$ cat run-v7.cif   # mmCIF, C-alpha atoms and all ligand atoms
data_coords
#
loop_
_atom_site.label_atom_id
_atom_site.label_comp_id
_atom_site.auth_asym_id
_atom_site.auth_seq_id
_atom_site.Cartn_x
_atom_site.Cartn_y
_atom_site.Cartn_z
CA MET I 293 0.00 0.00 0.00
CA ASP I 294 1.27 3.43 -0.89
CA VAL I 295 1.90 5.19 2.41
CA SER I 296 2.35 8.60 0.88
CA ILE I 297 -1.39 8.65 0.29
CA ASN I 298 -1.72 10.07 3.78
CA GLU I 299 0.48 12.97 2.90
CA ALA I 300 -1.36 13.57 -0.32
CA PHE I 301 -4.85 13.50 1.09
CA GLY I 302 -4.50 13.61 4.85
CA LYS I 303 -7.56 12.24 6.49
CA ARG I 304 -9.64 14.61 4.50
CA LYS I 305 -13.16 13.50 3.87
CA ILE I 306 -14.47 15.01 0.69
CA MET I 307 -17.28 17.19 1.91
CA GLY I 308 -20.69 17.48 0.47
CA ILE I 309 -21.15 13.86 -0.59
CA THR I 310 -24.78 12.92 -0.20
CA LYS I 311 -24.92 9.53 1.47
CA MET I 312 -26.93 7.19 -0.67
CA LYS I 313 -30.08 7.41 1.37
CA ASP I 314 -32.23 6.98 -1.69
CA TRP I 315 -30.60 9.66 -3.84
CA GLY I 316 -34.11 10.97 -4.45
CA LEU I 317 -34.84 7.83 -6.49
CA GLY I 318 -36.93 5.92 -3.96
CA ILE I 319 -34.26 3.23 -3.51
CA ASP I 320 -34.68 0.94 -0.52
CA THR I 321 -31.32 1.42 1.18
CA THR I 322 -31.49 -1.25 3.84
CA LYS I 323 -28.42 -3.46 3.44
CA PRO I 324 -27.50 -4.87 1.04
CA ILE I 325 -28.45 -2.43 -1.70
CA VAL I 326 -28.38 -4.80 -4.64
CA VAL I 327 -27.66 -3.74 -8.19
CA SER I 328 -28.24 -6.42 -10.80
CA GLY I 329 -28.90 -7.06 -14.45
CA PRO I 330 -26.88 -8.40 -17.36
CA CYS I 331 -23.25 -7.66 -18.07
CA SER I 332 -24.39 -6.40 -21.48
CA ALA I 333 -27.69 -5.46 -23.03
CA GLU I 334 -27.79 -7.84 -26.02
CA THR I 335 -31.37 -7.85 -27.26
CA GLU I 336 -34.56 -6.15 -26.10
CA GLU I 337 -35.98 -9.48 -24.91
CA GLN I 338 -32.81 -10.53 -23.03
CA THR I 339 -32.41 -7.13 -21.35
CA ILE I 340 -36.01 -6.85 -20.22
CA GLN I 341 -36.37 -10.50 -19.13
CA SER I 342 -33.09 -10.45 -17.21
CA CYS I 343 -34.08 -7.22 -15.47
CA LEU I 344 -37.63 -8.35 -14.66
CA GLY I 345 -36.16 -11.58 -13.30
CA VAL I 346 -33.72 -9.89 -10.93
CA ALA I 347 -36.29 -7.29 -9.87
CA LYS I 348 -38.55 -10.14 -8.78
CA GLN I 349 -35.63 -11.56 -6.78
CA GLY I 350 -34.92 -8.36 -4.89
CA ALA I 351 -32.67 -6.16 -7.06
CA ARG I 352 -33.07 -2.47 -6.15
CA ILE I 353 -31.19 -0.93 -9.09
CA LEU I 354 -31.04 -2.38 -12.62
CA ARG I 355 -27.83 -2.46 -14.58
CA ALA I 356 -26.84 -3.30 -18.17
CA GLY I 357 -23.66 -2.53 -20.06
CA ILE I 358 -24.44 -0.59 -23.25
CA TRP I 359 -20.90 0.26 -24.32
CA LYS I 360 -18.52 -2.53 -23.36
CA PRO I 361 -14.86 -1.73 -22.85
CA ARG I 362 -13.25 -4.99 -23.90
CA THR I 363 -9.61 -5.63 -23.25
CA ARG I 364 -9.05 -6.99 -26.77
CA PRO I 365 -11.00 -6.15 -29.92
CA GLY I 366 -13.13 -8.74 -31.61
CA SER I 367 -15.43 -9.59 -28.75
CA PHE I 368 -18.84 -8.02 -28.27
CA GLU I 369 -18.34 -4.31 -27.69
CA GLY I 370 -21.86 -3.46 -26.66
CA ILE I 371 -25.10 -2.81 -28.48
CA GLY I 372 -24.75 0.97 -28.10
CA SER I 373 -27.49 3.58 -27.62
CA GLU I 374 -30.09 1.29 -29.17
CA GLY I 375 -30.12 -0.66 -25.89
CA LEU I 376 -30.87 2.32 -23.65
CA PRO I 377 -34.65 2.32 -24.23
CA TRP I 378 -34.72 -1.45 -23.44
CA LEU I 379 -33.18 -0.82 -20.04
CA LYS I 380 -35.45 2.15 -19.47
CA THR I 381 -38.48 -0.02 -20.30
CA ALA I 382 -37.29 -2.55 -17.70
CA GLY I 383 -37.00 0.30 -15.23
CA ARG I 384 -40.52 1.51 -16.00
CA LEU I 385 -42.01 -1.98 -15.73
CA THR I 386 -40.36 -2.63 -12.35
CA GLY I 387 -40.37 0.90 -10.91
CA LEU I 388 -36.61 0.59 -10.35
CA PRO I 389 -33.85 3.08 -11.24
CA VAL I 390 -31.45 2.03 -13.98
CA THR I 391 -27.71 2.45 -14.32
CA VAL I 392 -25.21 2.19 -17.19
CA GLU I 393 -21.47 2.53 -17.58
CA VAL I 394 -20.29 5.69 -19.32
CA ALA I 395 -16.77 6.05 -20.64
CA ASN I 396 -16.90 9.40 -22.45
CA ALA I 397 -18.97 12.56 -22.92
CA ARG I 398 -20.98 11.06 -25.79
CA HIS I 399 -22.07 8.16 -23.59
CA VAL I 400 -23.14 10.68 -20.95
CA TYR I 401 -25.15 12.61 -23.53
CA GLU I 402 -26.90 9.46 -24.77
CA ALA I 403 -27.56 8.20 -21.23
CA LEU I 404 -29.04 11.49 -20.10
CA LYS I 405 -31.16 11.75 -23.26
CA ASN I 406 -32.62 8.35 -22.37
CA GLN I 407 -33.27 9.27 -18.73
CA VAL I 408 -30.81 6.85 -17.22
CA ASP I 409 -31.05 7.40 -13.44
CA ILE I 410 -27.51 6.59 -12.26
CA LEU I 411 -24.18 6.48 -14.11
CA TRP I 412 -21.21 4.32 -13.31
CA ILE I 413 -17.58 4.69 -14.27
CA GLY I 414 -15.88 1.44 -15.26
CA ALA I 415 -12.50 0.24 -14.04
CA ARG I 416 -10.86 0.91 -17.42
CA THR I 417 -12.07 4.50 -17.30
CA THR I 418 -11.15 5.31 -13.69
CA VAL I 419 -7.51 4.66 -14.62
CA ASN I 420 -7.57 7.57 -17.05
CA PRO I 421 -7.82 11.05 -15.52
CA PHE I 422 -8.48 12.60 -18.96
CA SER I 423 -11.54 10.40 -19.44
CA VAL I 424 -12.79 10.95 -15.90
CA GLN I 425 -12.36 14.71 -16.33
CA GLU I 426 -14.16 14.65 -19.68
CA ILE I 427 -17.09 12.83 -18.09
CA ALA I 428 -17.08 15.13 -15.07
CA ASP I 429 -17.06 18.22 -17.31
CA SER I 430 -19.98 16.84 -19.30
CA LEU I 431 -21.92 16.55 -16.03
CA ARG I 432 -21.48 20.11 -14.85
CA GLY I 433 -24.84 21.34 -13.57
CA VAL I 434 -26.46 17.88 -13.87
CA ASP I 435 -27.93 16.31 -10.75
CA ILE I 436 -27.28 12.60 -11.23
CA PRO I 437 -25.67 9.99 -8.97
CA VAL I 438 -22.35 8.55 -10.15
CA MET I 439 -20.83 5.28 -8.93
CA VAL I 440 -17.09 4.96 -9.46
CA LYS I 441 -15.45 1.57 -9.84
CA ASN I 442 -11.92 1.15 -8.61
CA PRO I 443 -9.24 1.48 -11.30
CA ILE I 444 -7.94 -1.76 -12.77
CA ASN I 445 -4.62 -1.28 -10.97
CA PRO I 446 -4.40 -1.03 -7.19
CA ASP I 447 -3.93 2.73 -7.08
CA LEU I 448 -5.88 4.40 -4.32
CA LYS I 449 -4.97 7.90 -5.47
CA LEU I 450 -6.51 7.34 -8.90
CA TRP I 451 -9.71 6.13 -7.30
CA LEU I 452 -9.81 9.07 -4.89
CA GLY I 453 -8.89 11.44 -7.70
CA ALA I 454 -11.96 10.40 -9.68
CA PHE I 455 -14.20 11.30 -6.74
CA GLU I 456 -12.46 14.65 -6.43
CA ARG I 457 -13.07 15.38 -10.10
CA PHE I 458 -16.79 14.65 -9.76
CA GLU I 459 -17.09 16.57 -6.56
CA ALA I 460 -15.38 19.56 -8.17
CA VAL I 461 -18.09 19.82 -10.85
CA GLY I 462 -20.87 19.65 -8.26
CA ILE I 463 -21.77 15.94 -8.36
CA LYS I 464 -22.66 15.13 -4.78
CA LYS I 465 -24.40 11.79 -5.10
CA LEU I 466 -21.43 9.46 -5.25
CA ALA I 467 -20.78 5.83 -4.34
CA ALA I 468 -17.78 3.53 -4.81
CA ILE I 469 -17.79 0.11 -6.45
CA HIS I 470 -15.09 -2.37 -5.51
CA ARG I 471 -14.50 -4.77 -8.44
CA GLY I 472 -11.04 -6.05 -7.60
CA PHE I 473 -7.64 -5.41 -9.17
CA ALA I 474 -5.99 -7.03 -12.17
CA SER I 475 -2.92 -9.16 -11.68
CA TYR I 476 -0.66 -10.82 -14.18
CA HIS I 477 -0.97 -14.25 -12.67
CA ASN I 478 -3.98 -16.45 -12.97
CA THR I 479 -5.20 -16.94 -9.49
CA GLU I 480 -8.36 -17.98 -7.73
CA TYR I 481 -9.85 -14.61 -8.71
CA ARG I 482 -10.29 -12.89 -12.04
CA ASN I 483 -9.43 -9.69 -10.16
CA GLN I 484 -7.75 -9.71 -6.76
CA PRO I 485 -10.07 -8.32 -4.10
CA GLN I 486 -7.28 -6.60 -2.11
CA TRP I 487 -9.88 -5.71 0.49
CA GLU I 488 -7.48 -3.33 2.22
CA ILE I 489 -7.85 -0.85 -0.64
CA PRO I 490 -11.63 -0.25 -0.42
CA ILE I 491 -11.21 -0.15 3.35
CA GLU I 492 -8.50 2.46 2.95
CA LEU I 493 -10.67 4.45 0.54
CA ARG I 494 -13.31 4.66 3.24
CA ARG I 495 -10.77 6.02 5.70
CA HIS I 496 -10.33 8.97 3.36
CA LEU I 497 -13.83 9.26 2.06
CA ASP I 498 -17.12 8.90 3.87
CA ILE I 499 -18.83 7.02 1.08
CA GLU I 500 -21.03 4.02 0.41
CA MET I 501 -19.18 0.97 -0.86
CA ILE I 502 -20.72 -1.53 -3.24
CA CYS I 503 -18.87 -4.77 -3.93
CA ASP I 504 -18.98 -6.32 -7.40
CA PRO I 505 -18.29 -10.02 -6.76
CA SER I 506 -18.97 -10.85 -10.42
CA HIS I 507 -15.85 -9.11 -11.73
CA ILE I 508 -13.77 -10.13 -8.72
CA CYS I 509 -14.60 -13.83 -9.11
CA GLY I 510 -14.99 -14.22 -12.87
CA LYS I 511 -16.91 -17.42 -12.17
CA ARG I 512 -20.10 -18.39 -10.38
CA SER I 513 -18.77 -20.75 -7.75
CA THR I 514 -17.14 -18.14 -5.51
CA LEU I 515 -19.66 -15.31 -5.82
CA GLN I 516 -21.40 -16.13 -2.56
CA LYS I 517 -18.20 -16.24 -0.53
CA VAL I 518 -17.03 -12.86 -1.83
CA ALA I 519 -20.47 -11.26 -1.42
CA GLN I 520 -20.64 -12.45 2.18
CA LYS I 521 -17.17 -11.17 2.88
CA ALA I 522 -18.18 -7.73 1.57
CA LEU I 523 -21.14 -7.69 3.94
CA ASP I 524 -18.93 -8.86 6.80
CA LEU I 525 -16.75 -5.85 6.07
CA ASN I 526 -19.82 -3.64 6.34
CA PHE I 527 -20.14 -2.76 2.67
CA GLU I 528 -23.53 -1.26 1.88
CA GLY I 529 -24.29 -2.97 -1.38
CA LEU I 530 -23.55 -5.53 -4.08
CA MET I 531 -23.49 -5.41 -7.86
CA ILE I 532 -24.07 -8.85 -9.33
CA GLU I 533 -24.37 -9.66 -13.03
CA SER I 534 -27.39 -11.73 -13.94
CA HIS I 535 -28.61 -12.98 -17.29
CA ILE I 536 -31.73 -14.83 -18.32
CA THR I 537 -29.54 -17.49 -20.04
CA PRO I 538 -26.03 -16.90 -18.65
CA ASP I 539 -24.28 -19.63 -20.62
CA GLU I 540 -25.31 -17.89 -23.83
CA ALA I 541 -24.24 -14.43 -22.70
CA TRP I 542 -22.28 -12.37 -25.24
CA SER I 543 -19.91 -11.14 -22.52
CA ASP I 544 -18.77 -12.48 -19.14
CA ALA I 545 -20.76 -15.70 -19.51
CA ALA I 546 -18.82 -17.63 -16.86
CA GLN I 547 -19.64 -15.20 -14.06
CA GLN I 548 -23.30 -14.40 -14.75
CA VAL I 549 -26.08 -16.20 -12.90
CA THR I 550 -29.73 -16.72 -13.66
CA PRO I 551 -32.17 -14.41 -11.85
CA VAL I 552 -33.31 -17.37 -9.73
CA ASP I 553 -29.72 -18.21 -8.70
CA PHE I 554 -29.17 -14.51 -8.04
CA GLY I 555 -32.18 -14.52 -5.71
CA GLU I 556 -30.91 -17.60 -3.89
CA LEU I 557 -27.49 -16.06 -3.49
CA ILE I 558 -28.92 -12.83 -2.05
CA ARG I 559 -31.16 -14.71 0.36
CA SER I 560 -28.25 -16.85 1.56
CA LEU I 561 -26.31 -13.80 2.75
CA VAL I 562 -26.16 -12.88 6.39
CA VAL I 563 -26.43 -9.16 6.97
CA ARG I 564 -24.69 -7.99 10.09
CA ASP I 565 -25.37 -4.73 11.91
CA SER I 566 -22.59 -2.17 12.32
CA ASN I 567 -23.44 -1.60 15.97
CA SER I 568 -25.35 -3.42 18.64
CA GLU I 569 -27.88 -2.06 21.12
CA ASN I 570 -27.36 -5.09 23.34
CA PRO I 571 -25.49 -3.96 26.52
CA THR I 572 -24.24 -7.47 27.36
CA PHE I 573 -22.71 -7.79 23.89
CA ASN I 574 -21.22 -4.29 24.07
CA THR I 575 -19.63 -4.91 27.48
CA ALA I 576 -18.16 -8.20 26.33
CA LEU I 577 -16.86 -6.57 23.13
CA ASP I 578 -15.24 -3.75 25.13
CA GLU I 579 -13.50 -6.30 27.30
CA PHE I 580 -12.26 -8.32 24.34
CA ARG I 581 -11.00 -5.16 22.66
CA HIS I 582 -9.24 -4.03 25.80
CA HIS I 583 -7.52 -7.40 25.94
CA ILE I 584 -6.53 -7.12 22.29
CA ASP I 585 -5.09 -3.64 22.88
CA GLU I 586 -2.94 -5.06 25.67
CA ILE I 587 -1.76 -7.94 23.53
CA ASP I 588 -0.92 -5.56 20.68
CA GLU I 589 1.24 -3.56 23.07
CA GLN I 590 3.00 -6.71 24.23
CA ILE I 591 3.60 -7.80 20.63
CA ILE I 592 5.16 -4.43 19.84
CA GLN I 593 7.35 -4.59 22.94
CA LEU I 594 8.54 -8.05 21.91
CA ILE I 595 9.24 -6.96 18.36
CA ALA I 596 11.21 -3.99 19.69
CA LYS I 597 13.18 -6.38 21.88
CA ARG I 598 13.85 -8.59 18.86
CA MET I 599 15.12 -5.54 16.98
CA ASP I 600 17.44 -4.64 19.89
CA ILE I 601 19.07 -8.01 19.32
CA ALA I 602 19.13 -7.50 15.54
CA ARG I 603 21.01 -4.22 16.10
CA GLU I 604 23.51 -5.99 18.35
CA ILE I 605 24.04 -8.55 15.59
CA GLY I 606 24.45 -5.65 13.16
CA LYS I 607 27.23 -4.18 15.32
CA ASN I 608 29.02 -7.52 15.46
CA LYS I 609 28.69 -8.06 11.74
CA LYS I 610 30.03 -4.59 11.10
CA ASP I 611 33.09 -5.23 13.30
CA ASP I 612 33.76 -8.54 11.56
CA ASN I 613 32.82 -7.21 8.13
CA ILE I 614 30.10 -9.79 7.54
CA ALA I 615 27.18 -9.24 5.14
CA ILE I 616 23.75 -8.59 6.65
CA LEU I 617 21.90 -11.32 4.85
CA GLN I 618 22.72 -15.01 5.10
CA MET I 619 20.23 -16.78 2.91
CA SER I 620 20.46 -20.16 4.60
CA ARG I 621 19.69 -18.69 8.03
CA TRP I 622 16.73 -16.73 6.66
CA GLU I 623 15.32 -19.80 4.92
CA GLU I 624 15.66 -21.80 8.10
CA VAL I 625 13.86 -19.12 10.17
CA LEU I 626 11.11 -18.77 7.60
CA LYS I 627 10.48 -22.51 7.42
CA ALA I 628 10.66 -23.27 11.13
CA ARG I 629 8.63 -20.25 12.32
CA SER I 630 6.07 -20.59 9.60
CA GLU I 631 5.47 -24.21 10.57
CA TYR I 632 5.26 -23.23 14.23
CA ALA I 633 2.79 -20.43 13.43
CA GLN I 634 0.66 -22.85 11.44
CA SER I 635 0.70 -25.35 14.30
CA LYS I 636 -0.76 -22.52 16.42
CA GLY I 637 -3.68 -22.05 14.03
CA LEU I 638 -2.30 -19.14 11.99
CA SER I 639 -2.58 -19.17 8.21
CA LYS I 640 0.47 -19.85 6.08
CA LYS I 641 -0.20 -16.59 4.22
CA PHE I 642 -0.12 -14.56 7.42
CA ALA I 643 2.90 -16.39 8.81
CA THR I 644 4.89 -15.78 5.63
CA HIS I 645 3.94 -12.08 5.38
CA TYR I 646 4.61 -11.53 9.06
CA LEU I 647 8.01 -13.19 8.97
CA GLN I 648 8.99 -11.33 5.80
CA GLU I 649 8.07 -8.01 7.39
CA ILE I 650 9.96 -8.83 10.58
CA HIS I 651 12.94 -9.84 8.48
CA ASN I 652 12.73 -6.62 6.40
CA GLU I 653 12.71 -4.54 9.56
CA SER I 654 15.64 -6.49 10.93
CA ILE I 655 17.61 -5.78 7.74
CA ARG I 656 16.61 -2.09 7.95
CA GLN I 657 17.83 -1.89 11.54
CA GLN I 658 21.12 -3.59 10.70
CA THR I 659 21.61 -1.43 7.61
CA ALA I 660 21.16 1.67 9.76
CA ILE I 661 23.76 0.47 12.23
CA MET I 662 26.29 -0.73 9.67
CA ASN I 663 26.13 2.36 7.52
CA GLU I 664 25.48 4.85 10.30
CA ILE I 665 22.33 6.22 8.74
CA GLU I 666 19.05 7.16 10.31
CA LEU I 667 16.57 4.31 10.46
CA GLU I 668 13.83 6.24 8.65
CA LYS I 669 16.23 6.99 5.80
CA VAL I 670 17.13 3.36 5.15
C1 LIG Z 1 -19.07 -4.31 -16.06
O1 LIG Z 1 -19.55 -3.97 -14.96
O2 LIG Z 1 -19.67 -4.97 -16.89
C2 LIG Z 1 -17.67 -3.97 -16.34
C3 LIG Z 1 -17.21 -3.81 -17.57
O3 LIG Z 1 -16.96 -3.89 -15.24
P1 LIG Z 1 -15.48 -3.40 -14.93
O4 LIG Z 1 -15.41 -1.94 -15.31
O5 LIG Z 1 -15.43 -3.60 -13.45
O6 LIG Z 1 -14.53 -4.27 -15.67
MN MN Z 2 -19.21 -7.72 -17.06
#
$ encode --input "run-v7.cif" --output "structure tokens" --more "lines below"
Ligand code: PEP
Ligand code: MN
Amino acid sequence: MDVSINEAFGKRKIMGITKMKDWGLGIDTTKPIVVSGPCSAETEEQTIQSCLGVAKQGARILRAGIWKPRTRPGSFEGIGSEGLPWLKTAGRLTGLPVTVEVANARHVYEALKNQVDILWIGARTTVNPFSVQEIADSLRGVDIPVMVKNPINPDLKLWLGAFERFEAVGIKKLAAIHRGFASYHNTEYRNQPQWEIPIELRRHLDIEMICDPSHICGKRSTLQKVAQKALDLNFEGLMIESHITPDEAWSDAAQQVTPVDFGELIRSLVVRDSNSENPTFNTALDEFRHHIDEIDEQIIQLIAKRMDIAREIGKNKKDDNIAILQMSRWEEVLKARSEYAQSKGLSKKFATHYLQEIHNESIRQQTAIMNEIELEKV
């Protein structure tokens, strides 16, 4: 995570953002606020049937991609403006607001002409400040909510910057959509969730967060797990792609679900409150947290003690002109401690990250000693 973000933005909350409430659109904002509909509007029948299906299953906002930013040419690039009235018809039939992705000023013009209720900015657009600014400029004086997806790359400043651009032109109804971050390697996810980034965004910005498990997962089987995790992290909403016949979808077929499966998924989720009114629970929680605070202090004291020893080693190595890093020793520590941590119920992932960080700090401390430089300048 880029630490300089704090210097760039401080803890500034962008002022004037209108919390979702219902954005004047009559949206039911009890959690989770669910946005659903097909990845792409393909035909009038498919758009309307998919939307009616998800509305029946509890969707509160209807989505459909009209212009599809595809990574490589040759796949379906969206039906274009022709699809806007289809989505609007679905909105009229269900009484629900509709949302589309806009990637330039022409899309904005077409969407507004067709009374689209909410706009969203796609991940491939948030990465480009010129595009975001063009869209923001085209919205000057327009009162419409805008949802901003995270940029494809894990860059918090770009995501924050997009909100700043919209805020600067007077758009106050803003929400964030977390759709995960691209990575070169094929992993469990199509896009890495990197949950710490949306959490960090919310430290800087008092804004509603909607998770898009469809684009994080890229497949159906893990949608539920990711959606539940988002709710466990207190996200306000979910955006889930749904298609009347998902296997035949012209885009993102593997991750779309039928409206019925969408309904089942939503009903399977456990919504947790942010706060409890129950005094017994609150007292117990306070006690647990107090205990955790104490343990955290002890951990830090122990780490500091460990670093005292690392510095002593540094001094000795300096006197004997020995290099800081001995690979075999590091490998031995990593293996033995990681196994020990796992035997104590800690995950391998945590154990590895923790040990690497401890080791990095140890090297930093020794580098400072050996080269007589300030620790913070290492
Ligand atoms: C989409 O929502 O269909 C889409 C293109 O998403 P993203 O911008 O997250 O890739
Ligand atoms: Mn999609």
$ residues_near_ligand --input "run-v7.cif" --ligand "ligand LIG 1 (chain Z)" --cutoff "10 Å" --atoms "only C-alpha atoms and all ligand atoms" --output "PyMOL selection string"
chain I and resi 328-332+355-363+392-395+412-418+440-444+469-474+483+504-508+531-533+543-544
$ closest_residue --input "run-v7.cif" --among "I:Leu523, I:Val326, I:Ala545, I:Leu317" --to "I:Pro389" --atoms "all atoms listed in the file"
I:Leu317
$ atom_distance --input "run-v7.cif" --atom1 "atom CA of I:Gly637" --atom2 "atom CA of I:Ile491"
25.5 Å
$ closest_residue --input "run-v7.cif" --among "I:Pro437, I:Gly372, I:Pro490, I:Gly462" --to "I:Lys449" --atoms "all atoms listed in the file"
I:Pro490
$ residues_around --input "run-v7.cif" --residues "stretch 640-657 of chain I" --least-positions-apart "6" --cutoff "9 Å" --atoms "all atoms listed in the file" --output "list in words"
Ile595, Arg598, Met599, Asp600, Ala602, Arg603, Gly606, Ile616, Leu617, Trp622, Val625, Leu626, Lys627, Arg629, Ser630, Glu631, Ala633, Gln634, Leu667, Glu668 and Val670 of chain I
$ decode --input "run-v7.cif" --residues "stretch 351-365 of chain I" --atoms "N, CA and C atoms" --output "mmCIF file, in the first residue's frame"
data_model
loop_
_atom_site.group_PDB
_atom_site.id
_atom_site.type_symbol
_atom_site.label_atom_id
_atom_site.label_comp_id
_atom_site.auth_asym_id
_atom_site.auth_seq_id
_atom_site.Cartn_x
_atom_site.Cartn_y
_atom_site.Cartn_z
ATOM 1 N N ALA I 351 -33.595 -7.214 -6.631
ATOM 2 C CA ALA I 351 -32.669 -6.158 -7.059
ATOM 3 C C ALA I 351 -33.317 -4.794 -6.810
ATOM 4 N N ARG I 352 -32.517 -3.813 -6.439
ATOM 5 C CA ARG I 352 -33.066 -2.474 -6.153
ATOM 6 C C ARG I 352 -32.704 -1.457 -7.243
ATOM 7 N N ILE I 353 -31.630 -1.788 -7.984
ATOM 8 C CA ILE I 353 -31.193 -0.931 -9.091
ATOM 9 C C ILE I 353 -30.881 -1.885 -10.242
ATOM 10 N N LEU I 354 -31.286 -1.509 -11.459
ATOM 11 C CA LEU I 354 -31.041 -2.383 -12.616
ATOM 12 C C LEU I 354 -29.839 -1.887 -13.413
ATOM 13 N N ARG I 355 -29.001 -2.815 -13.805
ATOM 14 C CA ARG I 355 -27.826 -2.463 -14.584
ATOM 15 C C ARG I 355 -27.842 -3.177 -15.928
ATOM 16 N N ALA I 356 -27.168 -2.591 -16.922
ATOM 17 C CA ALA I 356 -26.843 -3.305 -18.166
ATOM 18 C C ALA I 356 -25.738 -2.504 -18.837
ATOM 19 N N GLY I 357 -24.730 -3.212 -19.335
ATOM 20 C CA GLY I 357 -23.661 -2.532 -20.060
ATOM 21 C C GLY I 357 -24.133 -2.254 -21.476
ATOM 22 N N ILE I 358 -23.976 -1.013 -21.920
ATOM 23 C CA ILE I 358 -24.436 -0.586 -23.248
ATOM 24 C C ILE I 358 -23.237 -0.444 -24.177
ATOM 25 N N TRP I 359 -22.175 0.149 -23.604
ATOM 26 C CA TRP I 359 -20.897 0.260 -24.322
ATOM 27 C C TRP I 359 -19.919 -0.582 -23.522
ATOM 28 N N LYS I 360 -19.355 -1.602 -24.122
ATOM 29 C CA LYS I 360 -18.523 -2.531 -23.357
ATOM 30 C C LYS I 360 -17.041 -2.310 -23.648
ATOM 31 N N PRO I 361 -16.299 -1.886 -22.656
ATOM 32 C CA PRO I 361 -14.860 -1.729 -22.854
ATOM 33 C C PRO I 361 -14.199 -3.094 -22.793
ATOM 34 N N ARG I 362 -13.856 -3.667 -23.896
ATOM 35 C CA ARG I 362 -13.248 -4.994 -23.899
ATOM 36 C C ARG I 362 -11.739 -4.852 -23.997
ATOM 37 N N THR I 363 -11.069 -5.726 -23.296
ATOM 38 C CA THR I 363 -9.611 -5.635 -23.247
ATOM 39 C C THR I 363 -9.015 -5.815 -24.648
ATOM 40 N N ARG I 364 -9.561 -6.773 -25.419
ATOM 41 C CA ARG I 364 -9.054 -6.990 -26.770
ATOM 42 C C ARG I 364 -10.207 -6.844 -27.758
ATOM 43 N N PRO I 365 -9.917 -6.318 -28.935
ATOM 44 C CA PRO I 365 -10.996 -6.153 -29.917
ATOM 45 C C PRO I 365 -11.493 -7.507 -30.411
#
